file my_file.txt (compact mmCIF, C-alpha atoms)
# COMPACT_ATOMS: atom_id res chain seq x y z
CA MET I 1 259.81 43.23 -44.94
CA HIS I 2 261.56 39.93 -44.26
CA LYS I 3 261.23 38.89 -40.62
CA ASP I 4 264.47 36.91 -40.35
CA PHE I 5 266.52 39.76 -38.91
CA ALA I 6 269.37 37.66 -37.55
CA ASN I 7 270.38 35.90 -40.76
CA LYS I 8 270.27 38.98 -42.99
CA ILE I 9 272.43 40.90 -40.51
CA GLU I 10 274.82 37.98 -40.04
CA GLY I 11 275.33 37.54 -43.78
CA THR I 12 276.15 41.23 -44.21
CA LEU I 13 278.44 41.42 -41.18
CA ARG I 14 280.19 38.16 -42.10
CA LEU I 15 281.10 39.55 -45.51
CA GLN I 16 282.32 42.80 -44.00
CA ARG I 17 284.52 40.85 -41.58
CA ASP I 18 285.91 38.71 -44.40
CA TRP I 19 286.55 41.77 -46.57
CA ASN I 20 288.42 43.51 -43.74
CA LYS I 21 290.43 40.38 -43.02
CA TYR I 22 291.27 39.12 -46.50
CA ILE I 23 291.10 42.12 -48.86
CA SER I 24 291.42 45.53 -47.19
CA PRO I 25 290.07 47.46 -44.20
CA PHE I 26 287.39 50.07 -44.75
CA GLY I 27 285.70 52.67 -42.59
CA GLY I 28 282.57 54.78 -42.62
CA TYR I 29 280.67 52.15 -44.58
CA ASN I 30 277.35 50.55 -43.64
CA GLY I 31 276.45 48.83 -46.90
CA GLY I 32 273.17 46.99 -46.57
CA LEU I 33 272.85 47.90 -42.89
CA GLY I 34 270.39 50.77 -42.90
CA TYR I 35 269.32 52.78 -39.87
CA ARG I 36 265.74 51.49 -39.92
CA PHE I 37 265.76 48.81 -42.60
CA HIS I 38 268.19 46.25 -43.92
CA PHE I 39 268.57 46.47 -47.71
CA MET I 40 267.92 42.79 -48.31
CA SER I 41 264.92 42.56 -45.98
CA ALA I 42 263.27 45.38 -47.91
CA THR I 43 264.12 44.12 -51.41
CA ILE I 44 263.63 40.34 -51.03
CA PRO I 45 260.96 39.93 -48.33
CA GLU I 46 259.92 36.51 -49.68
CA CYS I 47 263.35 34.87 -49.47
CA LEU I 48 263.07 31.22 -48.46
CA PRO I 49 264.36 30.15 -45.03
CA GLY I 50 267.99 29.13 -45.11
CA ARG I 51 268.89 31.32 -48.10
CA LEU I 52 268.84 34.81 -46.67
CA GLU I 53 272.28 34.74 -45.04
CA VAL I 54 274.18 33.72 -48.17
CA ILE I 55 272.10 36.11 -50.30
CA SER I 56 272.96 38.96 -47.91
CA TYR I 57 276.61 37.88 -47.98
CA ALA I 58 276.70 37.85 -51.79
CA ASN I 59 274.91 41.18 -52.09
CA GLU I 60 277.28 42.85 -49.62
CA PHE I 61 280.22 41.50 -51.63
CA ALA I 62 278.74 43.10 -54.76
CA PHE I 63 278.32 46.41 -52.93
CA LEU I 64 281.91 46.49 -51.70
CA TYR I 65 283.31 45.22 -54.99
CA ASP I 66 281.52 47.93 -56.96
CA ASP I 67 284.40 50.40 -56.79
CA GLU I 68 286.84 47.75 -58.00
CA MET I 69 284.52 46.95 -60.88
CA GLU I 70 285.30 50.38 -62.35
CA ASN I 71 288.50 48.75 -63.53
CA LEU I 72 287.74 46.80 -66.70
CA THR I 73 290.74 44.54 -66.11
CA SER I 74 289.22 43.55 -62.77
CA ARG I 75 285.99 42.79 -64.57
CA LYS I 76 287.78 40.30 -66.79
CA THR I 77 289.46 38.70 -63.78
CA PHE I 78 286.13 38.53 -62.00
CA HIS I 79 284.49 36.76 -64.92
CA HIS I 80 287.09 34.01 -65.01
CA SER I 81 287.01 33.47 -61.24
CA LEU I 82 283.46 32.22 -60.86
CA ASP I 83 284.40 28.69 -59.89
CA ARG I 84 285.47 26.70 -56.84
CA ASN I 85 289.08 26.13 -57.87
CA ILE I 86 291.36 27.69 -55.24
CA GLU I 87 295.15 27.68 -55.54
CA PRO I 88 297.81 28.98 -53.13
CA HIS I 89 298.23 32.15 -55.21
CA THR I 90 294.49 32.75 -55.59
CA ARG I 91 293.50 36.38 -55.04
CA PRO I 92 291.44 37.02 -51.88
CA GLU I 93 288.38 38.29 -53.75
CA LYS I 94 288.29 35.06 -55.73
CA LYS I 95 288.34 33.09 -52.48
CA ILE I 96 285.28 34.98 -51.31
CA GLN I 97 283.55 34.41 -54.65
CA ALA I 98 284.32 30.71 -54.38
CA LYS I 99 282.86 30.67 -50.88
CA ILE I 100 279.65 32.25 -52.17
CA LEU I 101 279.39 29.69 -54.95
CA GLU I 102 280.10 26.81 -52.57
CA GLU I 103 277.43 27.88 -50.11
CA MET I 104 274.84 28.38 -52.85
CA LEU I 105 275.62 25.03 -54.45
CA ASP I 106 275.16 23.31 -51.10
CA ILE I 107 271.65 24.78 -50.89
CA ASP I 108 270.38 24.56 -54.48
CA PRO I 109 272.79 23.53 -57.27
CA PRO I 110 270.54 24.37 -60.28
CA CYS I 111 269.60 27.84 -59.00
CA ALA I 112 273.18 28.46 -57.87
CA ALA I 113 274.44 27.76 -61.37
CA ILE I 114 271.93 30.23 -62.83
CA MET I 115 272.93 32.83 -60.24
CA MET I 116 276.64 32.59 -60.96
CA ASN I 117 276.18 32.48 -64.74
CA SER I 118 274.02 35.60 -64.50
CA TRP I 119 276.70 37.29 -62.41
CA ALA I 120 279.47 36.40 -64.88
CA THR I 121 277.41 37.59 -67.85
CA PHE I 122 276.66 40.83 -66.01
CA VAL I 123 280.37 41.53 -65.56
CA GLN I 124 281.03 41.27 -69.28
CA SER I 125 277.90 43.23 -70.28
CA ALA I 126 278.53 45.98 -67.74
CA SER I 127 282.06 46.58 -68.97
CA ARG I 128 280.71 47.16 -72.48
CA SER I 129 277.92 49.41 -71.22
CA ARG I 130 280.49 51.82 -69.75
CA ALA I 131 282.61 52.00 -72.88
CA PHE I 132 280.93 55.12 -74.29
CA PRO I 133 279.48 58.36 -72.85
CA TYR I 134 275.74 58.95 -73.08
CA GLU I 135 274.25 62.31 -73.97
CA THR I 136 270.52 61.69 -73.49
CA LEU I 137 268.27 59.89 -71.02
CA GLU I 138 267.13 57.57 -73.81
CA GLU I 139 270.73 56.50 -74.39
CA TYR I 140 271.64 56.33 -70.72
CA VAL I 141 268.77 54.27 -69.31
CA PRO I 142 269.36 50.98 -71.21
CA ALA I 143 273.05 51.06 -70.29
CA ARG I 144 272.25 51.93 -66.68
CA VAL I 145 269.91 48.94 -66.43
CA ILE I 146 272.80 46.68 -67.37
CA ASP I 147 275.34 48.40 -65.16
CA ALA I 148 273.01 48.47 -62.13
CA GLY I 149 272.96 44.69 -62.11
CA GLU I 150 269.77 43.60 -63.86
CA LEU I 151 271.24 40.14 -64.41
CA ILE I 152 272.52 39.86 -60.84
CA TRP I 153 269.06 40.65 -59.53
CA PHE I 154 267.57 38.02 -61.81
CA GLY I 155 269.97 35.47 -60.33
CA LEU I 156 269.33 36.59 -56.76
CA LEU I 157 265.55 36.55 -57.10
CA THR I 158 265.40 33.14 -58.71
CA PHE I 159 267.83 31.66 -56.16
CA GLU I 160 266.18 33.17 -53.09
CA MET I 161 262.76 31.77 -54.04
CA ALA I 162 263.94 28.61 -55.86
CA LEU I 163 262.37 29.74 -59.12
CA THR I 164 263.13 28.40 -62.58
CA ILE I 165 262.28 30.51 -65.61
CA PRO I 166 261.88 28.29 -68.69
CA ASP I 167 264.31 29.08 -71.49
CA GLU I 168 261.47 30.05 -73.80
CA GLU I 169 260.27 32.66 -71.28
CA TYR I 170 263.61 34.24 -70.46
CA GLU I 171 263.36 37.12 -72.94
CA LEU I 172 259.73 37.72 -72.00
CA CYS I 173 260.66 37.82 -68.31
CA SER I 174 263.42 40.35 -69.00
CA ALA I 175 261.10 42.55 -71.07
CA LEU I 176 258.28 42.49 -68.51
CA ALA I 177 260.64 43.27 -65.64
CA LYS I 178 262.44 46.07 -67.50
CA PRO I 179 260.58 48.99 -65.82
CA ALA I 180 261.52 47.60 -62.41
CA SER I 181 265.15 47.32 -63.50
CA VAL I 182 265.11 50.92 -64.73
CA ALA I 183 263.59 52.15 -61.47
CA LEU I 184 266.20 50.17 -59.49
CA GLY I 185 269.12 51.62 -61.43
CA LEU I 186 267.90 55.20 -61.29
CA THR I 187 267.06 54.92 -57.58
CA ASN I 188 270.65 53.83 -57.04
CA ASP I 189 271.77 56.94 -58.93
CA LEU I 190 269.55 59.15 -56.83
CA TYR I 191 270.72 57.60 -53.57
CA SER I 192 274.40 58.09 -54.44
CA TRP I 193 273.89 61.50 -56.08
CA GLU I 194 276.01 63.50 -53.64
CA LYS I 195 278.89 61.05 -53.83
CA GLU I 196 278.83 61.09 -57.64
CA ARG I 197 278.47 64.87 -57.71
CA LEU I 198 281.58 65.30 -55.60
CA ALA I 199 283.47 62.78 -57.71
CA ALA I 200 282.53 64.81 -60.79
CA GLY I 201 283.90 68.00 -59.26
CA ASN I 202 280.55 69.47 -58.16
CA SER I 203 279.52 69.77 -61.79
CA ARG I 204 276.37 67.66 -61.82
CA ASP I 205 273.28 69.60 -62.82
CA GLU I 206 270.70 69.55 -60.01
CA LYS I 207 267.96 69.67 -62.66
CA ALA I 208 268.99 66.19 -63.64
CA LYS I 209 268.01 65.00 -60.16
CA VAL I 210 264.45 66.22 -60.73
CA ILE I 211 264.36 64.40 -64.07
CA CYS I 212 265.71 61.26 -62.39
CA ARG I 213 262.98 61.32 -59.72
CA ALA I 214 260.27 61.78 -62.33
CA GLU I 215 261.59 58.89 -64.42
CA ILE I 216 261.70 56.62 -61.38
CA MET I 217 258.04 57.32 -60.60
CA LYS I 218 257.13 56.77 -64.25
CA GLN I 219 258.88 53.40 -64.34
CA ILE I 220 257.34 52.26 -61.05
CA SER I 221 253.89 53.13 -62.36
CA GLU I 222 254.61 51.25 -65.58
CA TYR I 223 255.82 48.18 -63.71
CA CYS I 224 252.69 48.11 -61.55
CA ARG I 225 250.65 48.22 -64.75
CA VAL I 226 252.68 45.35 -66.25
CA VAL I 227 252.27 43.15 -63.17
CA ASP I 228 248.53 43.80 -63.03
CA SER I 229 248.14 43.00 -66.72
CA VAL I 230 249.98 39.68 -66.32
CA LEU I 231 248.23 38.57 -63.14
CA LYS I 232 244.75 39.62 -64.20
CA ASN I 233 244.91 38.44 -67.79
CA PRO I 234 243.84 34.77 -67.96
CA SER I 235 244.69 34.61 -71.66
CA MET I 236 248.35 35.35 -70.97
CA HIS I 237 249.83 31.89 -70.50
CA VAL I 238 253.06 32.16 -68.55
CA SER I 239 254.67 29.87 -66.00
CA LYS I 240 253.92 30.23 -62.31
CA ASP I 241 257.61 30.95 -61.66
CA LEU I 242 257.57 33.86 -64.08
CA ARG I 243 254.50 35.24 -62.33
CA ALA I 244 256.22 34.84 -58.96
CA THR I 245 259.33 36.62 -60.27
CA LEU I 246 257.27 39.61 -61.38
CA GLU I 247 255.38 39.74 -58.08
CA THR I 248 258.53 39.70 -55.95
call {"tool": "encode", "arguments": {"input": "my_file.txt", "output": "C-alpha cells"}}
result
Amino acid sequence: MHKDFANKIEGTLRLQRDWNKYISPFGGYNGGLGYRFHFMSATIPECLPGRLEVISYANEFAFLYDDEMENLTSRKTFHHSLDRNIEPHTRPEKKIQAKILEEMLDIDPPCAAIMMNSWATFVQSASRSRAFPYETLEEYVPARVIDAGELIWFGLLTFEMALTIPDEEYELCSALAKPASVALGLTNDLYSWEKERLAAGNSRDEKAKVICRAEIMKQISEYCRVVDSVLKNPSMHVSKDLRATLET
C-alpha cells in the first residue's frame, strides 16, 4: 500500500470536483475512494513522490469517462484531443485531458509522452475490440484485455516509476505481463457484475461468475510463475526497467 494518503485522495477528489464543475454533476459515485483502501494506493504502491496526485487524477478521469467511451464517436474525439491546444469552443473533457497532459509533461516529458500515446492507442484499439460479440471465453479474454485498459496501465506504470521500456523489449513486456492484464480485466468484470447484470436485464448466467473467478485465479498464478521465472533466471537478459515493470 502506498503511504502518501493525502496526495492520492486529493488527486481523486480534484478530478471529481472538476468533473462536477465542467462536465456534469454525478451522485452515488465513489470511484477510486474505497471504504478501506484507495484504488491507486493498492495498485501502484511504488509510485514515486510527486507523481501520485496526477496519476490519481488521470485514473479517476478514466473511471468517470468510461460510460462515455461506450460511444464510438466519443472515442474518436478522445483520440484527437490528446494535446495541449485549447480553443474557446473546446469541449470540457478535452480541457481536463489537456490539464492531465500538462501536469505530466511538467514532471517527466518522455514518460508523459509514452503515457498519452498509450492512452490514445488504447482508445482506437478498444473501439475495435467492441465491434463484435464474443461467444467463448477464449474469444472474449483477448478483447477484454484491450478494453480493460492494458495500454493505459502500461503508460501509468511506466510514468509513476519513471521507467523506460526499450523498443526492442516492448512486445516481450506485453507478452510477459499478459496474465496480469487478463486478471485485471476479469476482476473488473467481477466487481461490476451486478451493475452489468441489471443493464443486461437480469439475464447474466451466474455460472459465468464462477468461471470468471476461476480464470482470475488461474491468471494470477500464471503471472506469479512468469515473474519468478524472469527474476530467478540469470540467463534471461532483460532490462532493469522491464523487470521493475513486471514486479510492480
call {"tool": "atom_distance", "arguments": {"input": "my_file.txt", "atom1": "atom CA of Trp193 of chain I", "atom2": "atom CA of Ile55 of chain I"}}
result
26.1 Å
call {"tool": "closest_residue", "arguments": {"input": "my_file.txt", "among": "I:Ala183, I:Ala126, I:Ile44, I:Cys111", "to": "Glu247 of chain I", "atoms": "only C-alpha atoms"}}
result
I:Ile44
call {"tool": "closest_residue", "arguments": {"input": "my_file.txt", "among": "I:Gly50, I:Arg128, I:Thr90, I:Phe122", "to": "Ile107 of chain I", "atoms": "all atoms listed in the file"}}
result
I:Gly50
call {"tool": "atom_distance", "arguments": {"input": "my_file.txt", "atom1": "atom CA of Gly155 of chain I", "atom2": "atom CA of Met116 of chain I"}}
result
7.3 Å
call {"tool": "atom_distance", "arguments": {"input": "my_file.txt", "atom1": "atom CA of Tyr140 of chain I", "atom2": "atom CA of Gly32 of chain I"}}
result
25.9 Å
call {"tool": "residues_around", "arguments": {"input": "my_file.txt", "residues": "Gly185 of chain I", "least_positions_apart": "6", "cutoff": "8 Å", "atoms": "all atoms listed in the file", "output": "compact mmCIF listing (two decimals) with C-alpha atoms, in the coordinates of the input"}}
result
# COMPACT_ATOMS: atom_id res chain seq x y z
CA ARG I 144 272.25 51.93 -66.68
CA VAL I 145 269.91 48.94 -66.43
CA ASP I 147 275.34 48.40 -65.16
CA ALA I 148 273.01 48.47 -62.13
CA GLY I 149 272.96 44.69 -62.11
call {"tool": "residues_around", "arguments": {"input": "my_file.txt", "residues": "Cys224 of chain I", "least_positions_apart": "2", "cutoff": "12 Å", "atoms": "all atoms listed in the file", "output": "compact mmCIF listing (two decimals) with C-alpha atoms, in the coordinates of the input"}}
result
# COMPACT_ATOMS: atom_id res chain seq x y z
CA LEU I 176 258.28 42.49 -68.51
CA ALA I 177 260.64 43.27 -65.64
CA LYS I 178 262.44 46.07 -67.50
CA PRO I 179 260.58 48.99 -65.82
CA ALA I 180 261.52 47.60 -62.41
CA ALA I 183 263.59 52.15 -61.47
CA MET I 217 258.04 57.32 -60.60
CA LYS I 218 257.13 56.77 -64.25
CA GLN I 219 258.88 53.40 -64.34
CA ILE I 220 257.34 52.26 -61.05
CA SER I 221 253.89 53.13 -62.36
CA GLU I 222 254.61 51.25 -65.58
CA VAL I 226 252.68 45.35 -66.25
CA VAL I 227 252.27 43.15 -63.17
CA ASP I 228 248.53 43.80 -63.03
CA SER I 229 248.14 43.00 -66.72
CA VAL I 230 249.98 39.68 -66.32
CA LEU I 231 248.23 38.57 -63.14
CA LYS I 232 244.75 39.62 -64.20
CA LEU I 246 257.27 39.61 -61.38
CA GLU I 247 255.38 39.74 -58.08
CA THR I 248 258.53 39.70 -55.95
call {"tool": "closest_residue", "arguments": {"input": "my_file.txt", "among": "I:Asp189, I:Asp108, I:Glu138, I:Asp241", "to": "Val54 of chain I", "atoms": "only C-alpha atoms"}}
result
I:Asp108
call {"tool": "residues_around", "arguments": {"input": "my_file.txt", "residues": "Leu64 of chain I", "least_positions_apart": "6", "cutoff": "9 Å", "atoms": "all atoms listed in the file", "output": "count of residues only"}}
result
3
call {"tool": "closest_residue", "arguments": {"input": "my_file.txt", "among": "I:Thr245, I:Ser192, I:Thr187, I:Thr136", "to": "Leu172 of chain I", "atoms": "all atoms listed in the file"}}
result
I:Thr245
call {"tool": "residues_around", "arguments": {"input": "my_file.txt", "residues": "Ile23 of chain I", "least_positions_apart": "4", "cutoff": "9 Å", "atoms": "all atoms listed in the file", "output": "PDB file with C-alpha atoms, in the coordinates of the input"}}
result
ATOM      1  CA  ASP I  18     285.910  38.710 -44.400  1.00  0.00           C
ATOM      2  CA  TRP I  19     286.550  41.770 -46.570  1.00  0.00           C
ATOM      3  CA  ARG I  91     293.500  36.380 -55.040  1.00  0.00           C
ATOM      4  CA  PRO I  92     291.440  37.020 -51.880  1.00  0.00           C
ATOM      5  CA  GLU I  93     288.380  38.290 -53.750  1.00  0.00           C
TER       6      GLU I  93
END
call {"tool": "residues_around", "arguments": {"input": "my_file.txt", "residues": "Cys47 of chain I", "least_positions_apart": "4", "cutoff": "7 Å", "atoms": "all atoms listed in the file", "output": "mmCIF file with C-alpha atoms, in the frame of the given file"}}
result
data_model
loop_
_atom_site.group_PDB
_atom_site.id
_atom_site.type_symbol
_atom_site.label_atom_id
_atom_site.label_comp_id
_atom_site.auth_asym_id
_atom_site.auth_seq_id
_atom_site.Cartn_x
_atom_site.Cartn_y
_atom_site.Cartn_z
ATOM 1 C CA ARG I 51 268.890 31.320 -48.100
ATOM 2 C CA LEU I 52 268.840 34.810 -46.670
ATOM 3 C CA GLU I 160 266.180 33.170 -53.090
ATOM 4 C CA MET I 161 262.760 31.770 -54.040
#
call {"tool": "closest_residue", "arguments": {"input": "my_file.txt", "among": "I:Lys209, I:Pro110, I:Ile100, I:Gly27", "to": "Tyr57 of chain I", "atoms": "all atoms listed in the file"}}
result
I:Ile100
call {"tool": "decode", "arguments": {"input": "my_file.txt", "residues": "segment 109-120 of chain I", "atoms": "all heavy atoms", "output": "mmCIF file, in the first residue's frame"}}
result
data_model
loop_
_atom_site.group_PDB
_atom_site.id
_atom_site.type_symbol
_atom_site.label_atom_id
_atom_site.label_comp_id
_atom_site.auth_asym_id
_atom_site.auth_seq_id
_atom_site.Cartn_x
_atom_site.Cartn_y
_atom_site.Cartn_z
ATOM 1 N N PRO I 109 8.628 14.767 -19.148
ATOM 2 C CA PRO I 109 8.173 14.823 -20.543
ATOM 3 C C PRO I 109 8.260 13.495 -21.307
ATOM 4 O O PRO I 109 7.287 13.116 -21.966
ATOM 5 C CB PRO I 109 9.082 15.894 -21.165
ATOM 6 C CG PRO I 109 9.434 16.778 -20.011
ATOM 7 C CD PRO I 109 9.580 15.852 -18.836
ATOM 8 N N PRO I 110 9.382 12.756 -21.246
ATOM 9 C CA PRO I 110 9.440 11.499 -22.016
ATOM 10 C C PRO I 110 8.391 10.481 -21.566
ATOM 11 O O PRO I 110 7.702 9.876 -22.397
ATOM 12 C CB PRO I 110 10.863 10.989 -21.744
ATOM 13 C CG PRO I 110 11.639 12.196 -21.387
ATOM 14 C CD PRO I 110 10.688 13.064 -20.625
ATOM 15 N N CYS I 111 8.251 10.277 -20.253
ATOM 16 C CA CYS I 111 7.268 9.318 -19.761
ATOM 17 C C CYS I 111 5.849 9.817 -19.998
ATOM 18 O O CYS I 111 4.939 9.010 -20.229
ATOM 19 C CB CYS I 111 7.485 9.046 -18.267
ATOM 20 S SG CYS I 111 8.893 7.960 -17.923
ATOM 21 N N ALA I 112 5.641 11.122 -19.944
ATOM 22 C CA ALA I 112 4.315 11.676 -20.215
ATOM 23 C C ALA I 112 3.902 11.417 -21.652
ATOM 24 O O ALA I 112 2.742 11.080 -21.933
ATOM 25 C CB ALA I 112 4.303 13.176 -19.926
ATOM 26 N N ALA I 113 4.851 11.539 -22.573
ATOM 27 C CA ALA I 113 4.553 11.286 -23.979
ATOM 28 C C ALA I 113 4.164 9.826 -24.192
ATOM 29 O O ALA I 113 3.226 9.516 -24.940
ATOM 30 C CB ALA I 113 5.765 11.644 -24.844
ATOM 31 N N ILE I 114 4.871 8.919 -23.533
ATOM 32 C CA ILE I 114 4.538 7.491 -23.641
ATOM 33 C C ILE I 114 3.154 7.229 -23.070
ATOM 34 O O ILE I 114 2.342 6.491 -23.641
ATOM 35 C CB ILE I 114 5.599 6.643 -22.911
ATOM 36 C CG1 ILE I 114 6.933 6.729 -23.652
ATOM 37 C CG2 ILE I 114 5.134 5.187 -22.801
ATOM 38 C CD1 ILE I 114 8.084 6.077 -22.905
ATOM 39 N N MET I 115 2.862 7.844 -21.923
ATOM 40 C CA MET I 115 1.567 7.671 -21.287
ATOM 41 C C MET I 115 0.439 8.113 -22.211
ATOM 42 O O MET I 115 -0.539 7.383 -22.416
ATOM 43 C CB MET I 115 1.535 8.473 -19.979
ATOM 44 C CG MET I 115 0.159 8.629 -19.356
ATOM 45 S SD MET I 115 -0.554 7.065 -18.848
ATOM 46 C CE MET I 115 -2.303 7.475 -18.945
ATOM 47 N N MET I 116 0.531 9.277 -22.777
ATOM 48 C CA MET I 116 -0.555 9.802 -23.590
ATOM 49 C C MET I 116 -0.661 9.076 -24.932
ATOM 50 O O MET I 116 -1.764 8.880 -25.444
ATOM 51 C CB MET I 116 -0.377 11.309 -23.792
ATOM 52 C CG MET I 116 -0.332 12.101 -22.483
ATOM 53 S SD MET I 116 -1.634 11.674 -21.278
ATOM 54 C CE MET I 116 -3.071 12.455 -22.009
ATOM 55 N N ASN I 117 0.460 8.635 -25.492
ATOM 56 C CA ASN I 117 0.392 7.834 -26.716
ATOM 57 C C ASN I 117 -0.262 6.484 -26.449
ATOM 58 O O ASN I 117 -1.040 5.972 -27.265
ATOM 59 C CB ASN I 117 1.797 7.635 -27.296
ATOM 60 C CG ASN I 117 2.341 8.880 -27.962
ATOM 61 O OD1 ASN I 117 1.576 9.730 -28.413
ATOM 62 N ND2 ASN I 117 3.654 9.003 -28.020
ATOM 63 N N SER I 118 0.052 5.906 -25.289
ATOM 64 C CA SER I 118 -0.574 4.635 -24.910
ATOM 65 C C SER I 118 -2.076 4.810 -24.742
ATOM 66 O O SER I 118 -2.869 3.962 -25.164
ATOM 67 C CB SER I 118 0.038 4.121 -23.595
ATOM 68 O OG SER I 118 1.409 3.825 -23.736
ATOM 69 N N TRP I 119 -2.464 5.923 -24.143
ATOM 70 C CA TRP I 119 -3.882 6.202 -23.920
ATOM 71 C C TRP I 119 -4.611 6.371 -25.257
ATOM 72 O O TRP I 119 -5.700 5.833 -25.474
ATOM 73 C CB TRP I 119 -4.008 7.463 -23.078
ATOM 74 C CG TRP I 119 -5.299 7.583 -22.320
ATOM 75 C CD1 TRP I 119 -6.487 6.979 -22.610
ATOM 76 C CD2 TRP I 119 -5.523 8.363 -21.154
ATOM 77 N NE1 TRP I 119 -7.434 7.336 -21.687
ATOM 78 C CE2 TRP I 119 -6.881 8.183 -20.787
ATOM 79 C CE3 TRP I 119 -4.712 9.198 -20.383
ATOM 80 C CZ2 TRP I 119 -7.448 8.822 -19.673
ATOM 81 C CZ3 TRP I 119 -5.283 9.823 -19.285
ATOM 82 C CH2 TRP I 119 -6.634 9.638 -18.933
ATOM 83 N N ALA I 120 -4.022 7.122 -26.176
ATOM 84 C CA ALA I 120 -4.648 7.353 -27.474
ATOM 85 C C ALA I 120 -4.771 6.047 -28.269
ATOM 86 O O ALA I 120 -5.792 5.787 -28.907
ATOM 87 C CB ALA I 120 -3.838 8.372 -28.271
#
